[in-house]
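S.K.: This structure is in structure tokens; I'll ask about it shortly.
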2 protein chains.
Amino acid sequence: MTALSHVYPIGSRINALGHLEIGGCDATSLAAEFGTPAYFVVEDDLRARARAYVDGLATRHPNSDVLFASKAFPCTAVYRLLAEEGLACDVASGGELALALAGGFDPARIYLHGNAKSAEELRFAVSAGVGHVVLDSLDDCEALEAVAAELGVVQEVLIRVTPDVKGDTHAAISTGQADSKFGFGLAEAPTAIDKVLDTPHLKLVGLHCHIGSQLLELDPFRRAVAALATLGEFDVYNLGGGLGVAYQETQEPPSIADYVATLVETAHAELGAGKRLLIEPGRSLVANSTVTLYTVQTVKRNVSTWVDGGMSDNLRPMLYDSKYEAALAGRMNATGGELCILAGKHCESGDVIARDVELSEPRRGDIVVTPATGAYGYAMANNYTGVPRPPVVFVSGGNAHVVVRRESYEDLTARDV
Amino acid sequence: MTALSHVYPIGSRINALGHLEIGGCDATSLAAEFGTPAYFVVEDDLRARARAYVDGLATRHPNSDVLFASKAFPCTAVYRLLAEEGLACDVASGGELALALAGGFDPARIYLHGNAKSAEELRFAVSAGVGHVVLDSLDDCEALEAVAAELGVVQEVLIRVTPDVKGDTHAAISTGQADSKFGFGLAEAPTAIDKVLDTPHLKLVGLHCHIGSQLLELDPFRRAVAALATLGEFDVYNLGGGLGVAYQETQEPPSIADYVATLVETAHAELGAGKRLLIEPGRSLVANSTVTLYTVQTVKRNVSTWVDGGMSDNLRPMLYDSKYEAALAGRMNATGGELCILAGKHCESGDVIARDVELSEPRRGDIVVTPATGAYGYAMANNYTGVPRPPVVFVSGGNAHVVVRRESYEDLTARDV
């Protein structure tokens with residue numbers, strides 16, 4: 001039995017047949033039963049990471065909460081599982097709020113984000129009784145005041161601050177630099193704080209920052225907390241998310257425990273020990289819980305392998321030049337593979353899942369696995385080239401069940417009038 | 001009344017109120033009636049471009065057909081309108097085939113593409129009676145033979161050739177270079193031709209090439225046809241699509257008439273006058289027919305304007321660094337605007353619709369128009385950040401009606417099990 005890369009879900013192994021096993025199930029059997037492409041979520045992995053966050057933060061700083069940054073995997077069953085594990089939830093739109101409520105989160109533990117919230121979204125959130133709203137701009141402040149006044153409530157809010165800390169990540173997902181579209185710069189924040197304090201139906205309880213995603217070093221987080229400390233004292237600090245994950249075997253992100261310890265130590269040093277601390281993991285909760293299985297449809301010129309999915313189920317390679325591993329789920333021990341371009345079925349040259357994966361003699365019908373697809377796969381799924389979106393299947397203890405069914409051709413015309 | 005850029009749908013103007021008018025309707029009234037974000041398709045524009053293609057090709061070369069490359073705008077109502085205008089259709093998946101049939105295309109005038117067709121897709125296409133299948137690889141050839149034999153039919157096919165002509169476009173949508181994932185290179189094509197000729201349930205009727213999208217010069221098309229001519233004589237030649245469009249006022253693509261004239265002249269010179277010619281316009285049929293209307297939600301630091309849509313309704317700026325124009329639909333004559341970053345509502349810094357558009361004192365509630373969003377907007381729409389997908393509204397002669405309704409929050413959980 002060969003050891004698998006830590007990129008795969010916890011508990012994955014290569015079984016006696018040389019097949020990938022996840023959540024106690026043979027991946028080739030999963031592909032046969034549920035079809036491909038499909039997202040397979042290993043429940044035990046998701047629960048283990050959720051517990052690492054919840055326990056890791058609570059033991060170091062009891063006055064705290066872990067919010068699922070749900071834009072990473074906005075699927076009702078994922079919300080439900082993480083609500084069961086005791087997390088709170090951050091939502092970035094009315095749609096995510098509807099999903100979090102459907103997933104069973106207590107509205108008081110749902111927190112609304114968004115750089116361009118509509119009046120309808122604000123009304124929905126305030127009416128639902130969300131815990132607080134994170135204000136992103138002066139327009140946002142005025143719009144929320146109008147809604148809170150209309151509904152006759154005082155709404156708790158945080159102010160989002162852009163701490164002028166740039167993490168080392170792709171520009172599209174870096175959010176903490178001074179010219180970010182999100183939040184108030186350090187120079188503008190005092191004015192925003194004064195304005196919110198003067199706004200009758202808003203109650204300012206704290207500050208929020210989020211410096212970006214997929215960060216593999218801890219120092220930027222320390223600098224962001226230090227920047228927040230310059231803005232005065234508040235009861236609540238939401239330190240955002242951003243911890244990176246391993247998409248490839250060579251990547252070694254900080255552990256959840258080390259990340260949480262760093263945040264808590266820095267918060268104690270910079271903000272004091274008596275504050276309420278919130279954190280918002282998304283990618284680092286869900287990415288490695290999930291693998292996508294595809295079926296090879298065409299092998300060309302020996303080094304190019306085309307499968308039955310692609311940019312409709314995983315946009316990240318095209319959007320961020322993200323790298324993924326890939327393997328033949330039915331021949332995990334095969335050696336002597338050639339470097340392949342693994343590409344999708346979409347009518348576009350850019351539709352490449354991975355440019356340099358080693359596959360050993362791939363052929364039509366083989367099952368290909370790409371691990372670490374839990375974050376921003378389902379979230380950005382689309383119907384490009386008329387391709388129905390894949391199902392989401394939960395796998396645990398040798399059993400598997402569909403939580404989101406595969407889209408059908410009929411679904412593609414469901415909104416036709 | 002000010003002249004509008006040719007980027008807008010044919011017949012657009014600025015009305016007496018200084019508002020954008022499309023298809024005889026005031027754009028701000030359309031936004032009020034149908035909400036934002038929404039795609040508005042000007043039927044007369046779409047019909048005019050369809051007729052330019054159909055008449056332009058038929059008058060120059062009667063033994064021909066114009067195929068709608070439907071991946072550009074795979075919406076039932078668009079299929080239906082173009083079927084009414086006498087076009088045939090190219091589909092690149094089972095889903096697009098289902099849509100083309102729903103839109104009323106005669107199966108015999110539907111042609112199946114795809115670099116990674118599944119057995120199910122091939123079975124669907126052959127059973128439906130598609131005109132021909134375009135073969136992309138040897139695996140594709142074997143898979144189609146198996147399906148045709150199983151169904152007891154002889155299926156007409158074309159072979160896709162990669163003519164080693166590189167058009168000047170974004171790498172993700174360039175398809176004609178020798179290492180493209182599509183088709184057979186010139187060196188491999190003779191072997192593929194021999195193999196298909198020896199395959200009992202396939203009848204080879206011709207060759208196909210498509211060198212890429214959004215091409216603004218005609219010379220690469222000439223070179224591609226010349227390359228096809230080196231492979232022997234066939235009855236049918238599909239010369240693909242790829243004619244570029246104006247996304248910005250400064251762009252002046254060749255006219256449909258000039259493009260068609262060039263293709264026909266080159267085909268006559270290189271292939272002879274007696275061949276059946278097919279062409280596959282997509283973007284150049286649909287892009288400029290459509291505008292997207294958004295509502296401003298937040299204006300920040302005076303030069304940044306955030307609206308209620310973004311990368312969920314238009315991925316092209318992020319995928320290809322595509323440029324779009326934008327204007328305030330209710331103040332089209334306003335001058336003295338500042339250069340704005342127009343960004344979307346998605347929780348991501350990369351979610352920018354246009355980086356340098358001139359808007360005059362934009363404020364919350366203003367309607368923003370981005371023209372030329374008919375191609376690959378709806379096609380790649382997604383639910384990122386839980387945002388429901390916009391409706392498609394047809395506009396003509398001062399009237400407007402919904403052809404695809406707006407997605408609801410309930411729709412986001414429709415596939416939950």
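For the structure tokens, the naming scheme is as follows: chains receive sequential letters (A, B, ...) according to their order of presentation, residues are indexed from 1 within each chain, and ligands are indexed from 1 in presentation order.
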Compile a residue-level contact table for chain B against chain A at a cut-off of 7 Å, reporting for every qualifying residue the shortest atom pair and its distance in Å to one decimal, with only C-alpha atoms counted, rows ordered by chain and ascending number, as JSON lines.
M.R.:
```
{"residue": "B:Lys71", "atom": "CA", "partner": "A:Thr385", "partner_atom": "CA", "distance": 5.2}
{"residue": "B:Pro74", "atom": "CA", "partner": "A:Gly386", "partner_atom": "CA", "distance": 7.0}
{"residue": "B:Ala92", "atom": "CA", "partner": "A:Thr385", "partner_atom": "CA", "distance": 6.2}
{"residue": "B:Ser93", "atom": "CA", "partner": "A:Gly386", "partner_atom": "CA", "distance": 6.3}
{"residue": "B:Gly95", "atom": "CA", "partner": "A:Gly386", "partner_atom": "CA", "distance": 4.5}
{"residue": "B:Glu96", "atom": "CA", "partner": "A:Gly386", "partner_atom": "CA", "distance": 4.8}
{"residue": "B:Ala98", "atom": "CA", "partner": "A:Tyr409", "partner_atom": "CA", "distance": 6.5}
{"residue": "B:Gly114", "atom": "CA", "partner": "A:Cys347", "partner_atom": "CA", "distance": 6.6}
{"residue": "B:Asn115", "atom": "CA", "partner": "A:Lys345", "partner_atom": "CA", "distance": 5.9}
{"residue": "B:Ala116", "atom": "CA", "partner": "A:Lys345", "partner_atom": "CA", "distance": 5.0}
{"residue": "B:Lys117", "atom": "CA", "partner": "A:Gln297", "partner_atom": "CA", "distance": 6.5}
{"residue": "B:Ser118", "atom": "CA", "partner": "A:Gln297", "partner_atom": "CA", "distance": 6.3}
{"residue": "B:Ser137", "atom": "CA", "partner": "A:Lys300", "partner_atom": "CA", "distance": 6.8}
{"residue": "B:Asp139", "atom": "CA", "partner": "A:Thr298", "partner_atom": "CA", "distance": 5.5}
{"residue": "B:Asp140", "atom": "CA", "partner": "A:Thr298", "partner_atom": "CA", "distance": 6.8}
{"residue": "B:Ala171", "atom": "CA", "partner": "A:Gly350", "partner_atom": "CA", "distance": 6.9}
{"residue": "B:Ala172", "atom": "CA", "partner": "A:Gly350", "partner_atom": "CA", "distance": 3.8}
{"residue": "B:Ile173", "atom": "CA", "partner": "A:Glu348", "partner_atom": "CA", "distance": 5.5}
{"residue": "B:Ser174", "atom": "CA", "partner": "A:Ser349", "partner_atom": "CA", "distance": 6.4}
{"residue": "B:Thr175", "atom": "CA", "partner": "A:Ser349", "partner_atom": "CA", "distance": 6.0}
{"residue": "B:Ser180", "atom": "CA", "partner": "A:Ser349", "partner_atom": "CA", "distance": 6.7}
{"residue": "B:Lys181", "atom": "CA", "partner": "A:Ser349", "partner_atom": "CA", "distance": 6.4}
{"residue": "B:Gln297", "atom": "CA", "partner": "A:Ala116", "partner_atom": "CA", "distance": 5.1}
{"residue": "B:Thr298", "atom": "CA", "partner": "A:Asp139", "partner_atom": "CA", "distance": 5.5}
{"residue": "B:Val299", "atom": "CA", "partner": "A:Asp139", "partner_atom": "CA", "distance": 6.9}
{"residue": "B:Lys300", "atom": "CA", "partner": "A:Ser137", "partner_atom": "CA", "distance": 6.8}
{"residue": "B:Trp306", "atom": "CA", "partner": "A:Ala116", "partner_atom": "CA", "distance": 5.9}
{"residue": "B:Val307", "atom": "CA", "partner": "A:Ala116", "partner_atom": "CA", "distance": 6.2}
{"residue": "B:Asp308", "atom": "CA", "partner": "A:Ala116", "partner_atom": "CA", "distance": 6.3}
{"residue": "B:Met318", "atom": "CA", "partner": "A:Leu319", "partner_atom": "CA", "distance": 6.5}
{"residue": "B:Leu319", "atom": "CA", "partner": "A:Leu319", "partner_atom": "CA", "distance": 5.8}
{"residue": "B:Lys345", "atom": "CA", "partner": "A:Ala116", "partner_atom": "CA", "distance": 5.0}
{"residue": "B:Cys347", "atom": "CA", "partner": "A:Gly114", "partner_atom": "CA", "distance": 6.6}
{"residue": "B:Glu348", "atom": "CA", "partner": "A:Ile173", "partner_atom": "CA", "distance": 5.5}
{"residue": "B:Ser349", "atom": "CA", "partner": "A:Ala172", "partner_atom": "CA", "distance": 5.0}
{"residue": "B:Gly350", "atom": "CA", "partner": "A:Ala172", "partner_atom": "CA", "distance": 3.8}
{"residue": "B:Ala379", "atom": "CA", "partner": "A:Tyr384", "partner_atom": "CA", "distance": 5.4}
{"residue": "B:Met380", "atom": "CA", "partner": "A:Tyr384", "partner_atom": "CA", "distance": 4.9}
{"residue": "B:Ala381", "atom": "CA", "partner": "A:Asn382", "partner_atom": "CA", "distance": 6.1}
{"residue": "B:Asn382", "atom": "CA", "partner": "A:Asn382", "partner_atom": "CA", "distance": 4.8}
{"residue": "B:Asn383", "atom": "CA", "partner": "A:Met380", "partner_atom": "CA", "distance": 6.2}
{"residue": "B:Tyr384", "atom": "CA", "partner": "A:Met380", "partner_atom": "CA", "distance": 4.9}
{"residue": "B:Thr385", "atom": "CA", "partner": "A:Lys71", "partner_atom": "CA", "distance": 5.2}
{"residue": "B:Gly386", "atom": "CA", "partner": "A:Gly95", "partner_atom": "CA", "distance": 4.5}
{"residue": "B:Val387", "atom": "CA", "partner": "A:Gly95", "partner_atom": "CA", "distance": 5.6}
{"residue": "B:Pro388", "atom": "CA", "partner": "A:Gly95", "partner_atom": "CA", "distance": 6.9}
{"residue": "B:Val402", "atom": "CA", "partner": "A:Val417", "partner_atom": "CA", "distance": 6.7}
{"residue": "B:Val403", "atom": "CA", "partner": "A:Val417", "partner_atom": "CA", "distance": 4.9}
{"residue": "B:Val404", "atom": "CA", "partner": "A:Asp416", "partner_atom": "CA", "distance": 4.3}
{"residue": "B:Arg405", "atom": "CA", "partner": "A:Arg415", "partner_atom": "CA", "distance": 5.3}
{"residue": "B:Tyr409", "atom": "CA", "partner": "A:Gly95", "partner_atom": "CA", "distance": 5.6}
{"residue": "B:Arg415", "atom": "CA", "partner": "A:Val404", "partner_atom": "CA", "distance": 5.2}
{"residue": "B:Asp416", "atom": "CA", "partner": "A:Val404", "partner_atom": "CA", "distance": 4.3}
{"residue": "B:Val417", "atom": "CA", "partner": "A:Val403", "partner_atom": "CA", "distance": 4.9}
```
S.K.: Neighbours of A:Val130 within 8 Å (only C-alpha atoms; same-chain residues fewer than 5 positions away dropped), as a short mmCIF file (atom, residue, chain, number, x, y, z; two decimals) with C-alpha atoms, in the first residue's frame?
M.R.:
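Output contents, as saved in part-v4.cif:
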```cif
data_model
loop_
_atom_site.label_atom_id
_atom_site.label_comp_id
_atom_site.auth_asym_id
_atom_site.auth_seq_id
_atom_site.Cartn_x
_atom_site.Cartn_y
_atom_site.Cartn_z
CA PRO A 107 -29.57 33.63 11.70
CA ALA A 108 -27.91 35.29 14.69
CA ARG A 109 -24.71 33.46 13.78
CA ILE A 110 -24.83 34.44 10.11
CA TYR A 111 -22.85 37.56 9.14
CA LEU A 112 -23.41 39.48 5.90
CA ALA A 125 -30.51 40.14 6.04
#
```
S.K.: Give me the residues near A:Leu204 as a list in words, where near means some atom within 9 Å (using only C-alpha atoms) and where sequence neighbours in that chain fewer than 5 positions away do not count.
M.R.: Gln155, Glu156, Val157, Leu158, Ile159, Ile193, Val196, Leu197 and Phe234 of chain A
S.K.: Keeping only N, CA, C and O atoms, write the selected residues to a file as a PDB file, in the first residue's frame.
M.R.:
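The resulting file, out32.pdb, is shown below:
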```pdb
ATOM      1  N   GLN A 155     -29.226  47.735  13.927  1.00  0.00           N
ATOM      2  CA  GLN A 155     -28.452  46.618  13.389  1.00  0.00           C
ATOM      3  C   GLN A 155     -26.998  46.720  13.820  1.00  0.00           C
ATOM      4  O   GLN A 155     -26.360  47.755  13.626  1.00  0.00           O
ATOM      5  N   GLU A 156     -26.473  45.643  14.384  1.00  0.00           N
ATOM      6  CA  GLU A 156     -25.043  45.613  14.706  1.00  0.00           C
ATOM      7  C   GLU A 156     -24.228  45.522  13.416  1.00  0.00           C
ATOM      8  O   GLU A 156     -24.613  44.823  12.478  1.00  0.00           O
ATOM      9  N   VAL A 157     -23.125  46.247  13.428  1.00  0.00           N
ATOM     10  CA  VAL A 157     -22.267  46.247  12.233  1.00  0.00           C
ATOM     11  C   VAL A 157     -20.794  46.180  12.620  1.00  0.00           C
ATOM     12  O   VAL A 157     -20.406  46.581  13.718  1.00  0.00           O
ATOM     13  N   LEU A 158     -20.004  45.674  11.686  1.00  0.00           N
ATOM     14  CA  LEU A 158     -18.555  45.830  11.715  1.00  0.00           C
ATOM     15  C   LEU A 158     -18.190  46.750  10.564  1.00  0.00           C
ATOM     16  O   LEU A 158     -18.950  46.887   9.606  1.00  0.00           O
ATOM     17  N   ILE A 159     -17.026  47.346  10.654  1.00  0.00           N
ATOM     18  CA  ILE A 159     -16.489  48.108   9.518  1.00  0.00           C
ATOM     19  C   ILE A 159     -15.316  47.323   8.953  1.00  0.00           C
ATOM     20  O   ILE A 159     -14.420  46.900   9.703  1.00  0.00           O
ATOM     21  N   ILE A 193     -15.655  55.276  10.843  1.00  0.00           N
ATOM     22  CA  ILE A 193     -16.022  54.922  12.224  1.00  0.00           C
ATOM     23  C   ILE A 193     -16.879  56.036  12.824  1.00  0.00           C
ATOM     24  O   ILE A 193     -17.944  55.771  13.407  1.00  0.00           O
ATOM     25  N   VAL A 196     -20.403  56.000  11.256  1.00  0.00           N
ATOM     26  CA  VAL A 196     -21.267  54.903  11.717  1.00  0.00           C
ATOM     27  C   VAL A 196     -21.709  55.161  13.157  1.00  0.00           C
ATOM     28  O   VAL A 196     -22.862  54.914  13.523  1.00  0.00           O
ATOM     29  N   LEU A 197     -20.809  55.696  13.978  1.00  0.00           N
ATOM     30  CA  LEU A 197     -21.175  55.990  15.375  1.00  0.00           C
ATOM     31  C   LEU A 197     -22.296  57.027  15.443  1.00  0.00           C
ATOM     32  O   LEU A 197     -23.076  57.056  16.394  1.00  0.00           O
ATOM     33  N   PHE A 234     -12.223  48.190  20.080  1.00  0.00           N
ATOM     34  CA  PHE A 234     -13.570  47.706  19.797  1.00  0.00           C
ATOM     35  C   PHE A 234     -13.793  46.377  20.514  1.00  0.00           C
ATOM     36  O   PHE A 234     -12.840  45.756  20.985  1.00  0.00           O
TER      37      PHE A 234
END
```
S.K.: Please compute the atom CA of A:Val303-atom CA of A:Arg331 distance, one decimal, in Å.
M.R.: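 Answer for the atom CA of A:Val303 to atom CA of A:Arg331 separation: 17.2 Å.
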S.K.: Check stretch 66-243 of chain B with DSSP on the backbone and list each residue it calls strand (DSSP E or B), as a ChimeraX atom specification.
M.R.: /B:66-69,88-91,110-112,132-135,155-162,174,184-185,202-208,212,215,236-238,243
S.K.: Using only C-alpha atoms, which residue out of A:Leu239, A:Asp219, A:Leu144, A:Arg80 lies closest to A:Asp258?
M.R.: A:Asp219
S.K.: Between atom CA of B:Ala128 and atom CA of B:Lys203, measure the distance and give it in Å to one decimal.
M.R.: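 Distance reported for this atom pair: 17.2 Å.
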S.K.: Fewer than 4 positions away in the same chain doesn't count, so skip those; otherwise give me all residues within 9 Å of stretch 271-276 of chain B, counting only C-alpha atoms, as a ChimeraX atom specification.
M.R.: /B:61-65,225-226,228-229,233-238,264,266-267
S.K.: Quote the spacing between atom CA of A:Glu358 and atom CA of A:Glu338 in Å to one decimal place.
M.R.: 5.3 Å
S.K.: DSSP on the backbone, helix (DSSP H, G or I) only: what residues of stretch 19-238 of chain A does that give? Format it as JSON, numbers by chain.
M.R.: {"A": [27, 28, 29, 30, 31, 32, 33, 34, 43, 44, 45, 46, 47, 48, 49, 50, 51, 52, 53, 54, 55, 56, 57, 58, 59, 60, 70, 71, 72, 76, 77, 78, 79, 80, 81, 82, 83, 84, 94, 95, 96, 97, 98, 99, 100, 101, 102, 107, 108, 109, 119, 120, 121, 122, 123, 124, 125, 126, 127, 128, 138, 139, 140, 141, 142, 143, 144, 145, 146, 147, 148, 149, 150, 151, 171, 172, 173, 189, 190, 191, 192, 193, 194, 195, 196, 197, 219, 220, 221, 222, 223, 224, 225, 226, 227, 228, 229]}
S.K.: Which residues are close to stretch 26-41 of chain B, i.e. within 6 Å by only C-alpha atoms, leaving aside same-chain residues fewer than 2 positions away? Reply as number ranges by chain.
M.R.: B: 20-21, 43, 289-294, 309, 390-395
S.K.: Quick one: residues within 8 Å of A:Ala326, only C-alpha atoms, excluding same-chain residues fewer than 5 positions away - as a PyMOL selection string?
M.R.: chain A and resi 354+357-359+368-371
S.K.: Given the selection you just returned, output its residues as a file containing N, CA, C and O atoms, formatted as a short mmCIF file (atom, residue, chain, number, x, y, z; two decimals), in the first residue's frame.
M.R.:
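File result-v1.cif, as written:
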```cif
data_model
loop_
_atom_site.label_atom_id
_atom_site.label_comp_id
_atom_site.auth_asym_id
_atom_site.auth_seq_id
_atom_site.Cartn_x
_atom_site.Cartn_y
_atom_site.Cartn_z
N ALA A 354 -4.91 20.68 -16.07
CA ALA A 354 -3.53 20.66 -15.56
C ALA A 354 -2.59 20.47 -16.74
O ALA A 354 -2.88 19.68 -17.64
N VAL A 357 0.80 16.79 -15.80
CA VAL A 357 0.56 15.70 -14.85
C VAL A 357 1.09 14.41 -15.46
O VAL A 357 1.08 14.24 -16.68
N GLU A 358 1.56 13.51 -14.58
CA GLU A 358 2.13 12.26 -15.07
C GLU A 358 1.05 11.19 -15.04
O GLU A 358 0.58 10.81 -13.97
N LEU A 359 0.64 10.73 -16.18
CA LEU A 359 -0.34 9.66 -16.28
C LEU A 359 0.29 8.53 -17.07
O LEU A 359 0.96 8.76 -18.08
N VAL A 368 -10.04 9.55 -14.08
CA VAL A 368 -9.00 10.48 -13.63
C VAL A 368 -9.50 11.20 -12.40
O VAL A 368 -10.66 11.63 -12.35
N VAL A 369 -8.63 11.31 -11.38
CA VAL A 369 -8.98 12.06 -10.18
C VAL A 369 -8.14 13.34 -10.12
O VAL A 369 -6.95 13.32 -10.40
N THR A 370 -8.80 14.45 -9.79
CA THR A 370 -8.08 15.67 -9.41
C THR A 370 -8.46 15.96 -7.97
O THR A 370 -9.62 16.21 -7.67
N PRO A 371 -7.49 15.90 -7.05
CA PRO A 371 -7.79 16.17 -5.64
C PRO A 371 -7.84 17.67 -5.36
O PRO A 371 -7.45 18.50 -6.20
#
```
